[in-house]
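To be precise, the following lines are coords23.csv, and they hold CSV, N, CA and C atoms.
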chain,number,residue,atom,x,y,z
A,54,MET,N,-1.1,23.8,62.0
A,54,MET,CA,-0.7,24.9,62.7
A,54,MET,C,-0.2,24.5,64.1
A,55,ILE,N,-1.1,23.7,64.9
A,55,ILE,CA,-0.7,23.3,66.2
A,55,ILE,C,0.5,22.3,66.1
A,56,GLN,N,0.6,21.6,65.0
A,56,GLN,CA,1.7,20.6,64.9
A,56,GLN,C,3.0,21.4,64.9
A,57,LYS,N,3.1,22.5,64.1
A,57,LYS,CA,4.3,23.3,64.1
A,57,LYS,C,4.6,23.9,65.4
A,58,HIS,N,3.5,24.4,66.1
A,58,HIS,CA,3.6,25.0,67.4
A,58,HIS,C,4.2,24.1,68.4
A,59,ILE,N,3.7,22.8,68.5
A,59,ILE,CA,4.2,21.9,69.5
A,59,ILE,C,5.6,21.5,69.2
A,60,MET,N,5.9,21.3,67.9
A,60,MET,CA,7.3,20.9,67.5
A,60,MET,C,8.3,22.0,67.8
A,61,THR,N,7.9,23.2,67.9
A,61,THR,CA,8.9,24.3,68.1
A,61,THR,C,8.9,24.7,69.6
A,62,LEU,N,8.1,24.2,70.4
A,62,LEU,CA,8.1,24.5,71.8
A,62,LEU,C,9.3,24.0,72.5
A,63,ALA,N,10.0,24.8,73.3
A,63,ALA,CA,11.1,24.4,74.1
A,63,ALA,C,10.6,23.5,75.2
A,64,PRO,N,11.4,22.6,75.7
A,64,PRO,CA,10.9,21.6,76.7
A,64,PRO,C,10.2,22.4,77.9
A,65,ASP,N,10.7,23.5,78.3
A,65,ASP,CA,10.1,24.2,79.4
A,65,ASP,C,8.7,24.7,79.0
A,66,SER,N,8.6,25.2,77.8
A,66,SER,CA,7.3,25.7,77.4
A,66,SER,C,6.3,24.5,77.3
A,67,LEU,N,6.7,23.4,76.8
A,67,LEU,CA,5.9,22.2,76.7
A,67,LEU,C,5.4,21.8,78.1
A,68,LEU,N,6.3,21.8,79.1
A,68,LEU,CA,5.9,21.4,80.4
A,68,LEU,C,4.9,22.4,81.0
A,69,LYS,N,5.1,23.6,80.7
A,69,LYS,CA,4.2,24.6,81.2
A,69,LYS,C,2.8,24.5,80.6
A,70,GLU,N,2.8,24.2,79.3
A,70,GLU,CA,1.5,24.0,78.6
A,70,GLU,C,0.7,22.8,79.1
A,71,LEU,N,1.4,21.7,79.3
A,71,LEU,CA,0.8,20.5,79.9
A,71,LEU,C,0.3,20.8,81.3
A,72,GLY,N,1.1,21.4,82.1
A,72,GLY,CA,0.7,21.8,83.4
A,72,GLY,C,-0.5,22.7,83.5
A,73,LEU,N,-0.6,23.6,82.6
A,73,LEU,CA,-1.7,24.5,82.5
A,73,LEU,C,-3.0,23.7,82.1
A,74,ARG,N,-2.9,22.8,81.2
A,74,ARG,CA,-4.0,22.0,80.9
A,74,ARG,C,-4.5,21.1,82.1
A,75,PHE,N,-3.5,20.6,82.8
A,75,PHE,CA,-3.9,19.9,84.0
A,75,PHE,C,-4.6,20.8,85.0
A,76,ARG,N,-4.0,22.0,85.2
A,76,ARG,CA,-4.6,22.9,86.2
A,76,ARG,C,-6.0,23.3,85.8
A,77,LYS,N,-6.3,23.6,84.5
A,77,LYS,CA,-7.6,24.0,84.1
A,77,LYS,C,-8.6,22.8,84.3
A,78,ALA,N,-8.2,21.6,84.0
A,78,ALA,CA,-9.0,20.4,84.2
A,78,ALA,C,-9.3,20.3,85.7
A,79,ARG,N,-8.3,20.4,86.5
A,79,ARG,CA,-8.5,20.3,88.0
A,79,ARG,C,-9.4,21.3,88.5
A,80,MET,N,-9.2,22.6,88.1
A,80,MET,CA,-10.1,23.7,88.6
A,80,MET,C,-11.6,23.4,88.1
A,81,ALA,N,-11.7,23.0,86.9
A,81,ALA,CA,-13.1,22.7,86.3
A,81,ALA,C,-13.8,21.6,87.1
A,82,ALA,N,-13.0,20.7,87.6
A,82,ALA,CA,-13.5,19.6,88.4
A,82,ALA,C,-13.7,19.9,89.8
A,83,GLY,N,-13.2,21.1,90.2
A,83,GLY,CA,-13.4,21.5,91.6
A,83,GLY,C,-12.5,20.7,92.6
A,84,LEU,N,-11.4,20.2,92.1
A,84,LEU,CA,-10.5,19.4,93.0
A,84,LEU,C,-9.3,20.2,93.4
A,85,SER,N,-8.7,19.8,94.5
A,85,SER,CA,-7.5,20.4,95.0
A,85,SER,C,-6.3,19.6,94.5
A,86,GLN,N,-5.1,20.2,94.6
A,86,GLN,CA,-3.9,19.5,94.2
A,86,GLN,C,-3.7,18.3,95.0
A,87,GLU,N,-4.0,18.4,96.3
A,87,GLU,CA,-3.9,17.2,97.2
A,87,GLU,C,-4.8,16.1,96.7
A,88,GLN,N,-6.0,16.3,96.3
A,88,GLN,CA,-6.9,15.3,95.8
A,88,GLN,C,-6.4,14.6,94.6
A,89,ILE,N,-5.9,15.4,93.6
A,89,ILE,CA,-5.3,14.8,92.4
A,89,ILE,C,-4.1,14.0,92.7
A,90,ALA,N,-3.2,14.6,93.5
A,90,ALA,CA,-2.0,13.8,93.9
A,90,ALA,C,-2.3,12.5,94.5
A,91,LEU,N,-3.3,12.5,95.4
A,91,LEU,CA,-3.7,11.2,96.1
A,91,LEU,C,-4.2,10.2,95.1
A,92,ARG,N,-5.1,10.7,94.2
A,92,ARG,CA,-5.6,9.8,93.1
A,92,ARG,C,-4.5,9.3,92.1
A,93,ALA,N,-3.5,10.1,91.9
A,93,ALA,CA,-2.5,9.8,91.0
A,93,ALA,C,-1.3,9.1,91.7
A,94,ASN,N,-1.4,8.9,93.0
A,94,ASN,CA,-0.4,8.2,93.8
A,94,ASN,C,1.0,8.9,93.7
A,95,ILE,N,0.9,10.2,93.8
A,95,ILE,CA,2.2,11.0,94.0
A,95,ILE,C,2.0,12.0,95.1
A,96,SER,N,3.1,12.7,95.5
A,96,SER,CA,3.0,13.6,96.6
A,96,SER,C,2.4,14.9,96.0
A,97,ARG,N,1.8,15.7,96.9
A,97,ARG,CA,1.2,17.0,96.5
A,97,ARG,C,2.3,18.0,95.9
A,98,PRO,N,3.5,18.0,96.6
A,98,PRO,CA,4.6,18.9,96.0
A,98,PRO,C,5.0,18.4,94.6
A,99,ARG,N,5.0,17.1,94.4
A,99,ARG,CA,5.4,16.6,93.1
A,99,ARG,C,4.3,17.0,92.1
A,100,TYR,N,3.0,16.9,92.4
A,100,TYR,CA,2.0,17.3,91.5
A,100,TYR,C,2.1,18.8,91.3
A,101,ARG,N,2.3,19.6,92.3
A,101,ARG,CA,2.4,21.0,92.1
A,101,ARG,C,3.5,21.4,91.1
A,102,ASP,N,4.6,20.7,91.2
A,102,ASP,CA,5.8,21.0,90.3
A,102,ASP,C,5.4,20.6,88.9
A,103,ILE,N,4.7,19.5,88.7
A,103,ILE,CA,4.2,19.2,87.4
A,103,ILE,C,3.2,20.2,86.8
A,104,GLU,N,2.3,20.5,87.7
A,104,GLU,CA,1.2,21.5,87.2
A,104,GLU,C,1.8,22.8,86.9
A,105,THR,N,2.8,23.3,87.6
A,105,THR,CA,3.4,24.6,87.3
A,105,THR,C,4.4,24.5,86.2
A,106,GLY,N,4.8,23.3,85.7
A,106,GLY,CA,5.8,23.2,84.7
A,106,GLY,C,7.2,23.3,85.2
A,107,ALA,N,7.3,23.2,86.5
A,107,ALA,CA,8.7,23.2,87.1
A,107,ALA,C,9.4,21.9,87.0
A,108,ALA,N,8.7,20.8,86.8
A,108,ALA,CA,9.3,19.5,86.7
A,108,ALA,C,8.7,18.7,85.6
A,109,ALA,N,9.5,17.8,85.1
A,109,ALA,CA,9.1,16.8,84.1
A,109,ALA,C,8.6,15.6,84.8
A,110,ALA,N,7.8,14.7,84.2
A,110,ALA,CA,7.3,13.5,84.8
A,110,ALA,C,7.4,12.4,83.8
A,111,ARG,N,7.4,11.2,84.4
A,111,ARG,CA,7.4,10.0,83.5
A,111,ARG,C,6.1,9.9,82.8
A,112,ALA,N,6.0,9.2,81.7
A,112,ALA,CA,4.8,9.0,81.0
A,112,ALA,C,3.7,8.4,81.9
A,113,THR,N,4.1,7.4,82.7
A,113,THR,CA,3.1,6.7,83.5
A,113,THR,C,2.5,7.7,84.6
A,114,THR,N,3.3,8.6,85.1
A,114,THR,CA,2.8,9.6,86.0
A,114,THR,C,1.9,10.5,85.3
A,115,LEU,N,2.2,11.0,84.1
A,115,LEU,CA,1.3,11.8,83.4
A,115,LEU,C,0.0,11.1,83.1
A,116,VAL,N,0.0,9.9,82.7
A,116,VAL,CA,-1.2,9.1,82.5
A,116,VAL,C,-2.0,9.0,83.8
A,117,ASN,N,-1.4,8.7,84.9
A,117,ASN,CA,-2.1,8.7,86.2
A,117,ASN,C,-2.7,10.0,86.5
A,118,ILE,N,-2.0,11.1,86.3
A,118,ILE,CA,-2.6,12.4,86.6
A,118,ILE,C,-3.8,12.7,85.7
A,119,ALA,N,-3.7,12.4,84.4
A,119,ALA,CA,-4.8,12.6,83.5
A,119,ALA,C,-6.0,11.8,83.9
A,120,ARG,N,-5.8,10.5,84.3
A,120,ARG,CA,-6.9,9.7,84.7
A,120,ARG,C,-7.5,10.2,86.0
A,121,ALA,N,-6.7,10.7,86.9
A,121,ALA,CA,-7.2,11.3,88.1
A,121,ALA,C,-8.1,12.5,87.8
A,122,LEU,N,-7.9,13.1,86.7
A,122,LEU,CA,-8.7,14.3,86.3
A,122,LEU,C,-9.8,13.9,85.4
A,123,GLY,N,-10.0,12.6,85.2
A,123,GLY,CA,-11.1,12.1,84.3
A,123,GLY,C,-10.8,12.2,82.8
A,124,MET,N,-9.5,12.2,82.5
A,124,MET,CA,-9.0,12.4,81.1
A,124,MET,C,-8.2,11.2,80.7
A,125,GLU,N,-7.9,11.1,79.4
A,125,GLU,CA,-7.0,10.0,78.9
A,125,GLU,C,-6.0,10.8,78.1
A,126,MET,N,-4.8,10.3,78.1
A,126,MET,CA,-3.7,10.8,77.3
A,126,MET,C,-3.5,9.7,76.2
A,127,MET,N,-3.5,10.2,74.9
A,127,MET,CA,-3.3,9.3,73.8
A,127,MET,C,-2.4,9.9,72.8
A,128,LEU,N,-1.8,9.0,72.0
A,128,LEU,CA,-1.0,9.4,70.9
A,128,LEU,C,-1.8,9.3,69.7
A,129,ILE,N,-1.8,10.4,68.9
A,129,ILE,CA,-2.6,10.4,67.6
A,129,ILE,C,-1.7,10.9,66.5
A,130,PRO,N,-1.9,10.4,65.3
A,130,PRO,CA,-1.1,10.8,64.2
A,130,PRO,C,-1.1,12.4,64.1
A,131,GLN,N,0.0,13.0,63.8
A,131,GLN,CA,0.0,14.4,63.7
A,131,GLN,C,-0.9,14.9,62.6
A,132,ALA,N,-1.1,14.2,61.6
A,132,ALA,CA,-2.0,14.6,60.5
A,132,ALA,C,-3.4,14.7,60.9
A,133,MET,N,-3.8,14.0,62.0
A,133,MET,CA,-5.1,14.1,62.5
A,133,MET,C,-5.4,15.2,63.5
A,134,VAL,N,-4.3,15.9,64.0
A,134,VAL,CA,-4.5,17.0,65.0
A,134,VAL,C,-5.5,18.1,64.5
A,135,PRO,N,-5.4,18.6,63.3
A,135,PRO,CA,-6.4,19.6,62.9
A,135,PRO,C,-7.8,19.1,63.0
A,136,ALA,N,-8.1,17.9,62.5
A,136,ALA,CA,-9.4,17.4,62.6
A,136,ALA,C,-10.0,17.2,64.0
A,137,ILE,N,-9.1,16.8,64.9
A,137,ILE,CA,-9.5,16.6,66.3
A,137,ILE,C,-9.7,18.0,66.9
A,138,GLN,N,-8.9,18.9,66.6
A,138,GLN,CA,-9.0,20.2,67.2
A,138,GLN,C,-10.3,20.9,66.7
A,139,SER,N,-10.7,20.7,65.5
A,139,SER,CA,-11.9,21.3,65.0
A,139,SER,C,-13.1,20.7,65.7
A,140,MET,N,-13.1,19.4,66.0
A,140,MET,CA,-14.2,18.8,66.8
A,140,MET,C,-14.3,19.3,68.2
A,141,LEU,N,-13.2,19.7,68.7
A,141,LEU,CA,-13.2,20.2,70.1
A,141,LEU,C,-13.4,21.7,70.3
A,142,GLN,N,-13.5,22.4,69.2
A,142,GLN,CA,-13.8,23.8,69.3
A,142,GLN,C,-15.2,24.1,69.7
A,143,PRO,N,-15.4,25.0,70.7
A,143,PRO,CA,-16.7,25.4,71.1
A,143,PRO,C,-17.5,26.0,69.9
A,144,THR,N,-18.8,25.8,69.8
A,144,THR,CA,-19.6,26.4,68.8
A,144,THR,C,-20.6,27.2,69.4
A,145,ALA,N,-21.1,28.2,68.6
A,145,ALA,CA,-22.2,29.1,69.1
A,145,ALA,C,-23.5,28.4,69.1
A,146,ASP,N,-23.7,27.4,68.3
A,146,ASP,CA,-24.9,26.7,68.2
A,146,ASP,C,-24.9,25.3,68.9
A,147,ASP,N,-25.6,25.2,70.0
A,147,ASP,CA,-25.5,24.0,70.9
A,147,ASP,C,-26.0,22.8,70.2
A,148,ASP,N,-26.9,23.0,69.1
A,148,ASP,CA,-27.4,21.8,68.4
A,148,ASP,C,-26.4,21.2,67.5
A,149,ASP,N,-25.3,21.9,67.3
A,149,ASP,CA,-24.3,21.4,66.3
A,149,ASP,C,-23.0,21.0,67.0
A,150,ARG,N,-23.2,20.4,68.2
A,150,ARG,CA,-22.0,19.9,69.0
A,150,ARG,C,-21.6,18.5,68.5
A,151,PRO,N,-20.4,18.1,68.7
A,151,PRO,CA,-19.9,16.8,68.4
A,151,PRO,C,-20.7,15.8,69.2
A,152,ALA,N,-20.9,14.6,68.7
A,152,ALA,CA,-21.7,13.5,69.4
A,152,ALA,C,-21.1,13.1,70.8
A,153,PHE,N,-19.8,13.3,71.0
A,153,PHE,CA,-19.1,12.9,72.2
A,153,PHE,C,-19.1,14.0,73.3
A,154,THR,N,-19.7,15.1,73.0
A,154,THR,CA,-19.8,16.2,74.0
A,154,THR,C,-20.7,15.7,75.2
A,155,SER,N,-20.2,15.9,76.4
A,155,SER,CA,-20.9,15.5,77.6
A,155,SER,C,-22.0,16.4,78.0
A,156,ASP,N,-23.2,15.9,78.3
A,156,ASP,CA,-24.3,16.7,78.8
A,156,ASP,C,-24.6,16.3,80.2
A,157,VAL,N,-23.6,15.8,81.0
A,157,VAL,CA,-23.9,15.2,82.3
A,157,VAL,C,-24.4,16.3,83.2
A,158,GLU,N,-23.8,17.5,83.2
A,158,GLU,CA,-24.3,18.6,84.1
A,158,GLU,C,-25.8,18.9,83.8
A,159,GLU,N,-26.1,19.0,82.5
A,159,GLU,CA,-27.5,19.4,82.1
A,159,GLU,C,-28.4,18.3,82.5
A,160,GLU,N,-28.1,17.0,82.4
A,160,GLU,CA,-28.9,15.9,82.8
A,160,GLU,C,-29.1,15.9,84.3
A,161,GLU,N,-28.0,16.1,85.1
A,161,GLU,CA,-28.2,16.0,86.5
A,161,GLU,C,-29.0,17.2,87.0
A,162,GLY,N,-28.9,18.3,86.4
A,162,GLY,CA,-29.6,19.5,86.9
A,162,GLY,C,-31.1,19.5,86.4
A,163,GLY,N,-31.4,18.8,85.4
A,163,GLY,CA,-32.8,18.8,84.8
A,163,GLY,C,-33.6,17.7,85.2

Could you take the file, read its structure, and then write that structure out as structure tokens?
Amino acid sequence: MIQKHIMTLAPDSLLKELGLRFRKARMAAGLSQEQIALRANISRPRYRDIETGAAAARATTLVNIARALGMEMMLIPQAMVPAIQSMLQPTADDDDRPAFTSDVEEEEGG
């Protein structure tokens, strides 16, 4: 399902989707656009344009932004997308989380 969705997105929609993911990650990390831009070695206006989907960026810039947000960008086979998405879906039962789910906040607070 996501495979067909991604393949049918217009370039503008794809840029907006990627920018939205960057924005959510930045907000969750409590960081400003200026902080991410500095970490990714780009200007704040350039980062803002990428985050809002107003501008495209080179692959290296996208990787730098992702890393500034504590994420990695990777290419995966399209056939694996449903399996990966199912692992990333939130569950109602905290005991049934994937092994890679971070408990850093819980450990720091406890």

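Using all atoms listed in the file, the contacts of segment 88-96 of chain A at a cut-off of 7 Å, with sequence neighbours closer than 2 positions omitted, comprise Leu84, Ser85, Gln86, Pro98, Arg99, Tyr100, Arg101, Asn117, Ile118, Arg120, Ala121 and Leu122 of chain A.
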
Go ahead and dump the residues you just picked, N, CA and C atoms, as an mmCIF file, in the coordinates of the input.
data_model
loop_
_atom_site.group_PDB
_atom_site.id
_atom_site.type_symbol
_atom_site.label_atom_id
_atom_site.label_comp_id
_atom_site.auth_asym_id
_atom_site.auth_seq_id
_atom_site.Cartn_x
_atom_site.Cartn_y
_atom_site.Cartn_z
ATOM 1 N N LEU A 84 -11.400 20.200 92.100
ATOM 2 C CA LEU A 84 -10.500 19.400 93.000
ATOM 3 C C LEU A 84 -9.300 20.200 93.400
ATOM 4 N N SER A 85 -8.700 19.800 94.500
ATOM 5 C CA SER A 85 -7.500 20.400 95.000
ATOM 6 C C SER A 85 -6.300 19.600 94.500
ATOM 7 N N GLN A 86 -5.100 20.200 94.600
ATOM 8 C CA GLN A 86 -3.900 19.500 94.200
ATOM 9 C C GLN A 86 -3.700 18.300 95.000
ATOM 10 N N PRO A 98 3.500 18.000 96.600
ATOM 11 C CA PRO A 98 4.600 18.900 96.000
ATOM 12 C C PRO A 98 5.000 18.400 94.600
ATOM 13 N N ARG A 99 5.000 17.100 94.400
ATOM 14 C CA ARG A 99 5.400 16.600 93.100
ATOM 15 C C ARG A 99 4.300 17.000 92.100
ATOM 16 N N TYR A 100 3.000 16.900 92.400
ATOM 17 C CA TYR A 100 2.000 17.300 91.500
ATOM 18 C C TYR A 100 2.100 18.800 91.300
ATOM 19 N N ARG A 101 2.300 19.600 92.300
ATOM 20 C CA ARG A 101 2.400 21.000 92.100
ATOM 21 C C ARG A 101 3.500 21.400 91.100
ATOM 22 N N ASN A 117 -1.400 8.700 84.900
ATOM 23 C CA ASN A 117 -2.100 8.700 86.200
ATOM 24 C C ASN A 117 -2.700 10.000 86.500
ATOM 25 N N ILE A 118 -2.000 11.100 86.300
ATOM 26 C CA ILE A 118 -2.600 12.400 86.600
ATOM 27 C C ILE A 118 -3.800 12.700 85.700
ATOM 28 N N ARG A 120 -5.800 10.500 84.300
ATOM 29 C CA ARG A 120 -6.900 9.700 84.700
ATOM 30 C C ARG A 120 -7.500 10.200 86.000
ATOM 31 N N ALA A 121 -6.700 10.700 86.900
ATOM 32 C CA ALA A 121 -7.200 11.300 88.100
ATOM 33 C C ALA A 121 -8.100 12.500 87.800
ATOM 34 N N LEU A 122 -7.900 13.100 86.700
ATOM 35 C CA LEU A 122 -8.700 14.300 86.300
ATOM 36 C C LEU A 122 -9.800 13.900 85.400
#

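If you look at atom C of Ala107 of chain A and atom C of Ile129 of chain A, they are 25.8 Å away from each other.
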
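Minimum atom-to-atom distance to Ala110 of chain A, evaluated using only C-alpha atoms, belongs to A:Leu68 out of A:Ala63, A:Met126, A:Leu68, A:Gly83.
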
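In this structure, atom CA of Thr113 of chain A sits 15.3 Å away from atom CA of Gly72 of chain A.
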
Legend entry - Atom-to-atom span, atom CA of Pro64 of chain A and atom CA of Met133 of chain A, Å: 22.7 Å

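Closest to Gly123 of chain A among A:Leu141, A:Ala109, A:Ala78, A:Leu73 is A:Ala78, based on only C-alpha atoms.
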
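In this comparison, which uses all atoms listed in the file, the residue of A:Met127, A:Gly106, A:Gln142, A:Met80 approaching Leu67 of chain A most closely is A:Gly106.
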
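You can rank A:Val134, A:Arg74, A:Ser66, A:Ala81 by their closest distance to Glu104 of chain A using all atoms listed in the file, and at the top of that list sits A:Arg74.
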